[in-house]
file start_21.tsv (TSV, C-alpha atoms)
chain	number	residue	atom	x	y	z
C	94	MET	CA	24.32	-54.37	30.00
C	95	THR	CA	23.16	-51.77	27.52
C	96	GLU	CA	23.41	-52.11	23.73
C	97	GLY	CA	26.79	-50.32	23.63
C	98	GLY	CA	28.31	-52.79	26.08
C	99	ARG	CA	28.40	-50.31	28.98
C	100	PRO	CA	26.66	-51.16	32.25
C	101	GLY	CA	23.34	-49.41	32.96
C	102	ARG	CA	22.88	-47.12	35.92
C	103	ALA	CA	21.96	-50.02	38.12
C	104	GLY	CA	25.24	-51.68	37.25
C	105	LEU	CA	27.43	-48.76	38.36
C	106	ARG	CA	29.51	-49.45	41.40
C	107	MET	CA	30.49	-47.17	44.26
C	108	ARG	CA	34.00	-46.92	42.82
C	109	ASP	CA	32.59	-45.48	39.57
C	110	MET	CA	30.57	-42.85	41.45
C	111	VAL	CA	33.50	-41.80	43.65
C	112	GLY	CA	35.63	-41.46	40.53
C	113	ALA	CA	33.02	-39.20	38.92
C	114	VAL	CA	32.87	-37.00	42.04
C	115	VAL	CA	36.67	-36.71	42.14
C	116	VAL	CA	36.72	-35.59	38.50
C	117	LEU	CA	33.98	-32.99	39.17
C	118	VAL	CA	35.80	-31.61	42.24
C	119	ALA	CA	39.01	-31.32	40.19
C	120	ILE	CA	37.19	-29.42	37.42
C	121	ILE	CA	35.55	-27.07	39.95
C	122	GLY	CA	38.93	-26.49	41.63
C	123	VAL	CA	40.55	-25.54	38.32
C	124	VAL	CA	37.72	-23.15	37.45
C	125	MET	CA	37.78	-21.50	40.89
C	126	ALA	CA	41.57	-21.11	40.78
C	127	PHE	CA	41.40	-19.61	37.28
C	128	TYR	CA	38.73	-17.04	38.18
C	129	GLY	CA	39.86	-16.39	41.77
C	130	GLY	CA	36.32	-16.78	43.02
C	131	CYS	CA	37.12	-18.01	46.50
C	132	SER	CA	39.81	-18.28	49.10
C	133	PHE	CA	40.41	-20.41	52.16
C	134	SER	CA	39.97	-18.42	55.38
C	135	PRO	CA	40.18	-20.64	58.48
C	136	GLY	CA	39.76	-17.68	60.86
C	137	GLY	CA	36.37	-16.73	59.44
C	138	PRO	CA	35.18	-14.50	56.60
C	139	ALA	CA	37.39	-11.60	55.61
C	140	VAL	CA	36.66	-8.61	53.41
C	141	ASP	CA	39.14	-7.61	50.75
C	142	PRO	CA	38.82	-3.78	50.75
C	143	SER	CA	39.80	-3.60	47.09
C	144	SER	CA	36.90	-5.87	46.08
C	145	VAL	CA	34.04	-4.02	47.80
C	146	PRO	CA	32.02	-1.41	45.93
C	147	SER	CA	32.75	2.21	46.66
C	148	ALA	CA	30.34	5.06	47.34
C	149	ASP	CA	30.55	8.83	47.15
C	150	ALA	CA	29.98	9.58	50.82
C	151	ALA	CA	30.88	13.27	50.52
C	152	GLY	CA	28.55	13.77	47.55
C	153	GLN	CA	25.66	11.93	49.24
C	154	LEU	CA	26.01	13.92	52.46
C	155	THR	CA	26.37	17.26	50.63
C	156	ARG	CA	23.24	16.60	48.52
C	157	ALA	CA	21.32	15.46	51.60
C	158	ALA	CA	22.34	18.57	53.57
C	159	ARG	CA	20.77	20.76	50.87
C	160	SER	CA	17.49	18.85	50.78
C	161	VAL	CA	16.66	17.87	54.37
C	162	ALA	CA	15.43	20.00	57.26
C	163	PHE	CA	18.03	18.84	59.80
C	164	PRO	CA	21.79	19.43	60.13
C	165	VAL	CA	23.92	16.79	58.37
C	166	ARG	CA	27.56	16.17	59.30
C	167	GLU	CA	30.39	14.69	57.27
C	168	PRO	CA	32.86	13.06	59.68
C	169	ALA	CA	36.56	12.95	58.81
C	170	VAL	CA	37.00	9.18	59.10
C	171	PRO	CA	40.41	7.57	59.69
C	172	LYS	CA	42.76	6.98	56.78
C	173	GLY	CA	42.21	3.53	55.31
C	174	TRP	CA	38.43	3.55	55.75
C	175	ARG	CA	36.54	3.19	52.47
C	176	ALA	CA	32.94	4.36	51.93
C	177	ASN	CA	31.04	1.49	50.33
C	178	SER	CA	27.38	2.47	50.75
C	179	ALA	CA	25.26	5.61	50.84
C	180	SER	CA	21.48	5.94	50.80
C	181	THR	CA	18.46	7.91	51.98
C	182	SER	CA	15.03	6.58	52.94
C	183	ALA	CA	11.89	7.58	54.85
C	184	VAL	CA	11.78	7.15	58.61
C	185	GLY	CA	8.72	6.63	60.78
C	186	SER	CA	5.31	6.94	59.16
C	187	GLY	CA	6.70	9.14	56.41
C	188	ALA	CA	3.89	11.65	56.99
C	189	SER	CA	6.26	14.19	58.51
C	190	GLY	CA	8.66	13.99	55.57
C	191	ASN	CA	11.49	12.85	57.81
C	192	VAL	CA	14.25	10.80	56.25
C	193	VAL	CA	17.37	9.01	57.35
C	194	VAL	CA	20.65	9.63	55.54
C	195	ARG	CA	23.17	6.81	55.90
C	196	VAL	CA	26.75	6.16	54.88
C	197	GLY	CA	28.68	2.95	55.52
C	198	TRP	CA	32.42	2.31	55.54
C	199	ILE	CA	34.70	-0.69	55.45
C	200	THR	CA	37.28	0.07	58.13
C	201	SER	CA	41.01	-0.61	57.82
C	202	SER	CA	40.44	-3.85	59.77
C	203	GLY	CA	37.88	-5.04	57.18
C	204	ALA	CA	34.84	-4.53	59.44
C	205	PHE	CA	31.73	-2.51	58.52
C	206	VAL	CA	30.42	0.58	60.32
C	207	GLN	CA	27.45	2.75	59.36
C	208	LEU	CA	26.48	6.30	60.31
C	209	SER	CA	22.79	7.23	60.07
C	210	GLN	CA	21.48	10.79	60.54
C	211	SER	CA	17.84	11.81	60.76
C	212	GLY	CA	15.46	14.55	61.81
C	213	GLY	CA	12.98	11.89	62.97
C	214	LYS	CA	12.37	10.72	66.52
C	215	ALA	CA	14.95	8.39	68.04
C	216	PRO	CA	12.53	5.42	68.44
C	217	ASP	CA	11.49	5.71	64.76
C	218	VAL	CA	15.13	5.90	63.66
C	219	LEU	CA	15.97	2.82	65.75
C	220	VAL	CA	13.08	0.84	64.23
C	221	THR	CA	14.06	1.88	60.69
C	222	GLU	CA	17.79	1.28	61.03
C	223	LEU	CA	17.67	-1.90	63.11
C	224	GLY	CA	14.79	-3.51	61.20
C	225	GLN	CA	12.82	-4.28	64.35
C	226	ALA	CA	9.09	-4.01	65.02
C	227	GLU	CA	9.67	-1.62	67.91
C	228	ALA	CA	12.56	0.30	69.38
C	229	PRO	CA	14.66	-1.84	71.72
C	230	ALA	CA	15.38	-0.86	75.31
C	231	PRO	CA	18.80	0.71	75.89
C	232	ASN	CA	21.45	-1.57	77.33
C	233	GLY	CA	24.06	0.96	78.46
C	234	SER	CA	25.92	4.10	77.57
C	235	VAL	CA	29.33	5.05	76.22
C	236	GLU	CA	31.18	8.31	76.73
C	237	VAL	CA	33.25	9.65	73.83
C	238	ASP	CA	35.24	12.84	74.47
C	239	GLY	CA	32.77	14.01	77.10
C	240	VAL	CA	29.66	13.19	75.02
C	241	THR	CA	27.38	10.35	76.15
C	242	TRP	CA	25.95	7.96	73.57
C	243	THR	CA	23.15	5.52	74.47
C	244	SER	CA	23.82	1.91	73.46
C	245	TYR	CA	21.11	-0.43	72.09
C	246	PRO	CA	21.16	-4.04	70.90
C	247	GLY	CA	21.19	-4.05	67.10
C	248	ARG	CA	21.02	-6.60	64.30
C	249	ARG	CA	23.04	-9.83	64.50
C	250	ASP	CA	24.42	-8.92	67.94
C	251	GLU	CA	25.87	-5.69	66.52
C	252	PRO	CA	25.58	-2.71	68.87
C	253	ALA	CA	23.89	0.56	67.96
C	254	TRP	CA	24.96	3.86	69.54
C	255	VAL	CA	22.52	6.77	69.44
C	256	ARG	CA	22.95	10.46	70.24
C	257	SER	CA	21.21	13.72	69.34
C	258	LEU	CA	23.58	16.34	67.92
C	259	ASP	CA	22.13	19.79	67.13
C	260	GLY	CA	18.64	18.31	66.80
C	261	THR	CA	19.77	15.45	64.52
C	262	VAL	CA	19.42	11.86	65.71
C	263	VAL	CA	22.74	10.16	64.95
C	264	LEU	CA	23.07	6.36	65.02
C	265	ILE	CA	26.21	4.26	64.60
C	266	THR	CA	25.99	0.51	64.02
C	267	GLY	CA	27.89	-2.31	62.35
C	268	SER	CA	30.38	-5.11	62.93
C	269	ALA	CA	33.30	-2.78	63.69
C	270	SER	CA	35.14	-2.85	67.00
C	271	LYS	CA	34.31	-0.60	69.92
C	272	ALA	CA	37.48	1.39	69.18
C	273	GLU	CA	36.29	1.97	65.59
C	274	PHE	CA	32.84	2.99	66.86
C	275	ARG	CA	34.57	5.50	69.13
C	276	GLN	CA	36.60	6.85	66.19
C	277	LEU	CA	33.45	7.44	64.13
C	278	ALA	CA	31.58	8.91	67.10
C	279	ALA	CA	34.42	11.35	67.84
C	280	ALA	CA	34.74	12.35	64.16
C	281	THR	CA	30.98	12.94	63.94
C	282	GLN	CA	30.92	15.03	67.11
C	283	GLN	CA	33.79	17.17	65.82
C	284	ALA	CA	32.33	17.66	62.33
C	285	THR	CA	30.62	20.99	61.59
C	286	PRO	CA	27.17	20.63	60.03
C	287	LEU	CA	27.35	20.99	56.25
C	288	ALA	CA	26.03	24.12	54.53
C	289	ARG	CA	22.46	23.97	53.31
call {"tool": "encode", "arguments": {"input": "start_21.tsv", "output": "structure tokens"}}
result
Amino acid sequence: MTEGGRPGRAGLRMRDMVGAVVVLVAIIGVVMAFYGGCSFSPGGPAVDPSSVPSADAAGQLTRAARSVAFPVREPAVPKGWRANSASTSAVGSGASGNVVVRVGWITSSGAFVQLSQSGGKAPDVLVTELGQAEAPAPNGSVEVDGVTWTSYPGRRDEPAWVRSLDGTVVLITGSASKAEFRQLAAATQQATPLAR
């Protein structure tokens, strides 16, 4: 016993520890419910489209079209898709000044799909966009409205489709479904290159 009459740590029983854990779990539950910081999703993770950041895809692509040496397209994506990322970075060794311009969307199903466009060589674009040491070997092809795209294994078992359009290497990747990939591929093929 301690001076105050309470048992020391060695004197605590399992029942006392379980009680303390139950109280902590209850407090955490109240805090999480109050702030809405989590939700139960037995089918796997889900993305709430209203909670993801948004990006100015049109602005990014328009600015890029004025500053790069290759044609840049702005696809008319399906209603319900929300642009949530846009960026530009060097591709390959960087000595040639080639860059990759990328925009990502959260689709209406809550999946992610990204369009990358570059004036670099396809193997360099693959290495840059897939984060691999060397370009992977193709594992098939997909035809979209009469245009053939080459398929590659991407990150986390996500596919990557690659095609050259008007001298621009175009790459589509992400967790979206094949149907959503096809929608983005078709929209990109149909888009007229933006004015420089």
call {"tool": "residues_around", "arguments": {"input": "start_21.tsv", "residues": "Asp149 of chain C", "least_positions_apart": "3", "cutoff": "12 Å", "atoms": "all atoms listed in the file", "output": "PyMOL selection string"}}
result
chain C and resi 146+152-156+167+175-180+195-198
call {"tool": "residues_around", "arguments": {"input": "start_21.tsv", "residues": "Val170 of chain C", "least_positions_apart": "6", "cutoff": "12 Å", "atoms": "all atoms listed in the file", "output": "list in words"}}
result
Ala150, Ala151, Ala176, Val196, Gly197, Trp198, Ile199, Thr200, Ser201, Val206, Gln207, Leu208, Glu273, Phe274, Arg275, Gln276, Leu277, Ala278, Ala279, Ala280, Thr281, Gln282, Gln283 and Ala284 of chain C
call {"tool": "atom_distance", "arguments": {"input": "start_21.tsv", "atom1": "atom CA of Val220 of chain C", "atom2": "atom CA of Ile265 of chain C"}}
result
13.6 Å
call {"tool": "atom_distance", "arguments": {"input": "start_21.tsv", "atom1": "atom CA of Trp174 of chain C", "atom2": "atom CA of Glu222 of chain C"}}
result
21.4 Å
call {"tool": "closest_residue", "arguments": {"input": "start_21.tsv", "among": "C:Gly185, C:Gly203, C:Asp250, C:Pro286", "to": "Ala226 of chain C", "atoms": "only C-alpha atoms"}}
result
C:Gly185
call {"tool": "atom_distance", "arguments": {"input": "start_21.tsv", "atom1": "atom CA of Ala272 of chain C", "atom2": "atom CA of Ala228 of chain C"}}
result
24.9 Å
call {"tool": "residues_around", "arguments": {"input": "start_21.tsv", "residues": "Leu219 of chain C", "least_positions_apart": "4", "cutoff": "12 Å", "atoms": "all atoms listed in the file", "output": "ChimeraX atom specification"}}
result
/C:184-185,193,209-211,213-215,223-231,243-248,252-256,262-266
call {"tool": "closest_residue", "arguments": {"input": "start_21.tsv", "among": "C:Val194, C:Phe205, C:Arg108, C:Val235", "to": "Ser268 of chain C", "atoms": "only C-alpha atoms"}}
result
C:Phe205
call {"tool": "closest_residue", "arguments": {"input": "start_21.tsv", "among": "C:Val240, C:Met110, C:Leu117, C:Ala148", "to": "Ser257 of chain C", "atoms": "only C-alpha atoms"}}
result
C:Val240
call {"tool": "closest_residue", "arguments": {"input": "start_21.tsv", "among": "C:Val124, C:Val192, C:Ala113, C:Val165", "to": "Thr285 of chain C", "atoms": "only C-alpha atoms"}}
result
C:Val165
call {"tool": "axis_aligned_box", "arguments": {"input": "start_21.tsv", "around": "segment 105-123 of chain C", "padding_each_side": "6 Å", "output": "lines of an AutoDock Vina configuration file"}}
result
center_x = 34.0
center_y = -37.5
center_z = 40.8
size_x = 25.1
size_y = 35.9
size_z = 18.8
call {"tool": "build_atoms", "arguments": {"input": "start_21.tsv", "residues": "segment 234-269 of chain C", "atoms": "N, CA and C atoms", "output": "JSON list (two decimals), in the frame of the given file"}}
result
[["chain", "number", "residue", "atom", "x", "y", "z"],
["C", 234, "SER", "N", 25.49, 2.83, 78.15],
["C", 234, "SER", "CA", 25.92, 4.10, 77.57],
["C", 234, "SER", "C", 27.43, 4.09, 77.41],
["C", 235, "VAL", "N", 27.91, 4.94, 76.51],
["C", 235, "VAL", "CA", 29.33, 5.05, 76.22],
["C", 235, "VAL", "C", 29.67, 6.54, 76.15],
["C", 236, "GLU", "N", 30.76, 6.91, 76.79],
["C", 236, "GLU", "CA", 31.18, 8.31, 76.73],
["C", 236, "GLU", "C", 32.35, 8.44, 75.75],
["C", 237, "VAL", "N", 32.21, 9.39, 74.82],
["C", 237, "VAL", "CA", 33.25, 9.65, 73.83],
["C", 237, "VAL", "C", 33.60, 11.13, 73.89],
["C", 238, "ASP", "N", 34.78, 11.44, 74.36],
["C", 238, "ASP", "CA", 35.24, 12.84, 74.47],
["C", 238, "ASP", "C", 34.23, 13.73, 75.19],
["C", 239, "GLY", "N", 33.69, 13.23, 76.29],
["C", 239, "GLY", "CA", 32.77, 14.01, 77.10],
["C", 239, "GLY", "C", 31.33, 14.00, 76.63],
["C", 240, "VAL", "N", 31.03, 13.28, 75.56],
["C", 240, "VAL", "CA", 29.66, 13.19, 75.02],
["C", 240, "VAL", "C", 29.15, 11.76, 75.27],
["C", 241, "THR", "N", 27.95, 11.66, 75.83],
["C", 241, "THR", "CA", 27.38, 10.35, 76.15],
["C", 241, "THR", "C", 26.48, 9.85, 75.03],
["C", 242, "TRP", "N", 26.76, 8.65, 74.57],
["C", 242, "TRP", "CA", 25.95, 7.96, 73.57],
["C", 242, "TRP", "C", 25.20, 6.83, 74.28],
["C", 243, "THR", "N", 23.95, 6.61, 73.91],
["C", 243, "THR", "CA", 23.15, 5.52, 74.47],
["C", 243, "THR", "C", 23.33, 4.29, 73.58],
["C", 244, "SER", "N", 23.59, 3.15, 74.19],
["C", 244, "SER", "CA", 23.82, 1.91, 73.46],
["C", 244, "SER", "C", 22.54, 1.06, 73.43],
["C", 245, "TYR", "N", 22.28, 0.44, 72.28],
["C", 245, "TYR", "CA", 21.11, -0.43, 72.09],
["C", 245, "TYR", "C", 21.58, -1.72, 71.43],
["C", 246, "PRO", "N", 20.85, -2.82, 71.66],
["C", 246, "PRO", "CA", 21.16, -4.04, 70.90],
["C", 246, "PRO", "C", 20.70, -3.85, 69.46],
["C", 247, "GLY", "N", 21.54, -4.23, 68.51],
["C", 247, "GLY", "CA", 21.19, -4.05, 67.10],
["C", 247, "GLY", "C", 20.97, -5.37, 66.41],
["C", 248, "ARG", "N", 21.17, -5.38, 65.10],
["C", 248, "ARG", "CA", 21.02, -6.60, 64.30],
["C", 248, "ARG", "C", 22.21, -7.52, 64.53],
["C", 249, "ARG", "N", 21.97, -8.83, 64.45],
["C", 249, "ARG", "CA", 23.04, -9.83, 64.50],
["C", 249, "ARG", "C", 24.04, -9.57, 65.63],
["C", 250, "ASP", "N", 23.56, -9.20, 66.79],
["C", 250, "ASP", "CA", 24.42, -8.92, 67.94],
["C", 250, "ASP", "C", 25.36, -7.74, 67.72],
["C", 251, "GLU", "N", 25.07, -6.90, 66.73],
["C", 251, "GLU", "CA", 25.87, -5.69, 66.52],
["C", 251, "GLU", "C", 25.28, -4.56, 67.36],
["C", 252, "PRO", "N", 26.11, -3.80, 68.05],
["C", 252, "PRO", "CA", 25.58, -2.71, 68.87],
["C", 252, "PRO", "C", 25.11, -1.54, 68.00],
["C", 253, "ALA", "N", 24.31, -0.69, 68.60],
["C", 253, "ALA", "CA", 23.89, 0.56, 67.96],
["C", 253, "ALA", "C", 24.05, 1.67, 69.00],
["C", 254, "TRP", "N", 24.77, 2.72, 68.65],
["C", 254, "TRP", "CA", 24.96, 3.86, 69.54],
["C", 254, "TRP", "C", 24.14, 5.02, 68.98],
["C", 255, "VAL", "N", 23.40, 5.69, 69.87],
["C", 255, "VAL", "CA", 22.52, 6.77, 69.44],
["C", 255, "VAL", "C", 22.79, 8.02, 70.27],
["C", 256, "ARG", "N", 22.74, 9.16, 69.59],
["C", 256, "ARG", "CA", 22.95, 10.46, 70.24],
["C", 256, "ARG", "C", 22.27, 11.54, 69.41],
["C", 257, "SER", "N", 21.75, 12.56, 70.06],
["C", 257, "SER", "CA", 21.21, 13.72, 69.34],
["C", 257, "SER", "C", 22.29, 14.79, 69.31],
["C", 258, "LEU", "N", 22.61, 15.27, 68.10],
["C", 258, "LEU", "CA", 23.58, 16.34, 67.92],
["C", 258, "LEU", "C", 22.92, 17.47, 67.14],
["C", 259, "ASP", "N", 22.76, 18.62, 67.77],
["C", 259, "ASP", "CA", 22.13, 19.79, 67.13],
["C", 259, "ASP", "C", 20.75, 19.46, 66.55],
["C", 260, "GLY", "N", 19.99, 18.64, 67.26],
["C", 260, "GLY", "CA", 18.64, 18.31, 66.80],
["C", 260, "GLY", "C", 18.58, 17.17, 65.80],
["C", 261, "THR", "N", 19.73, 16.59, 65.45],
["C", 261, "THR", "CA", 19.77, 15.45, 64.52],
["C", 261, "THR", "C", 20.02, 14.18, 65.32],
["C", 262, "VAL", "N", 19.19, 13.16, 65.08],
["C", 262, "VAL", "CA", 19.42, 11.86, 65.71],
["C", 262, "VAL", "C", 20.51, 11.17, 64.90],
["C", 263, "VAL", "N", 21.59, 10.81, 65.59],
["C", 263, "VAL", "CA", 22.74, 10.16, 64.95],
["C", 263, "VAL", "C", 22.85, 8.74, 65.50],
["C", 264, "LEU", "N", 22.99, 7.76, 64.62],
["C", 264, "LEU", "CA", 23.07, 6.36, 65.02],
["C", 264, "LEU", "C", 24.27, 5.73, 64.35],
["C", 265, "ILE", "N", 25.06, 5.00, 65.12],
["C", 265, "ILE", "CA", 26.21, 4.26, 64.60],
["C", 265, "ILE", "C", 25.95, 2.78, 64.86],
["C", 266, "THR", "N", 26.15, 1.95, 63.84],
["C", 266, "THR", "CA", 25.99, 0.51, 64.02],
["C", 266, "THR", "C", 26.93, -0.21, 63.07],
["C", 267, "GLY", "N", 27.05, -1.51, 63.23],
["C", 267, "GLY", "CA", 27.89, -2.31, 62.35],
["C", 267, "GLY", "C", 28.68, -3.36, 63.10],
["C", 268, "SER", "N", 29.57, -4.02, 62.36],
["C", 268, "SER", "CA", 30.38, -5.11, 62.93],
["C", 268, "SER", "C", 31.74, -4.63, 63.40],
["C", 269, "ALA", "N", 31.99, -3.33, 63.31],
["C", 269, "ALA", "CA", 33.30, -2.78, 63.69],
["C", 269, "ALA", "C", 33.54, -2.92, 65.19]]
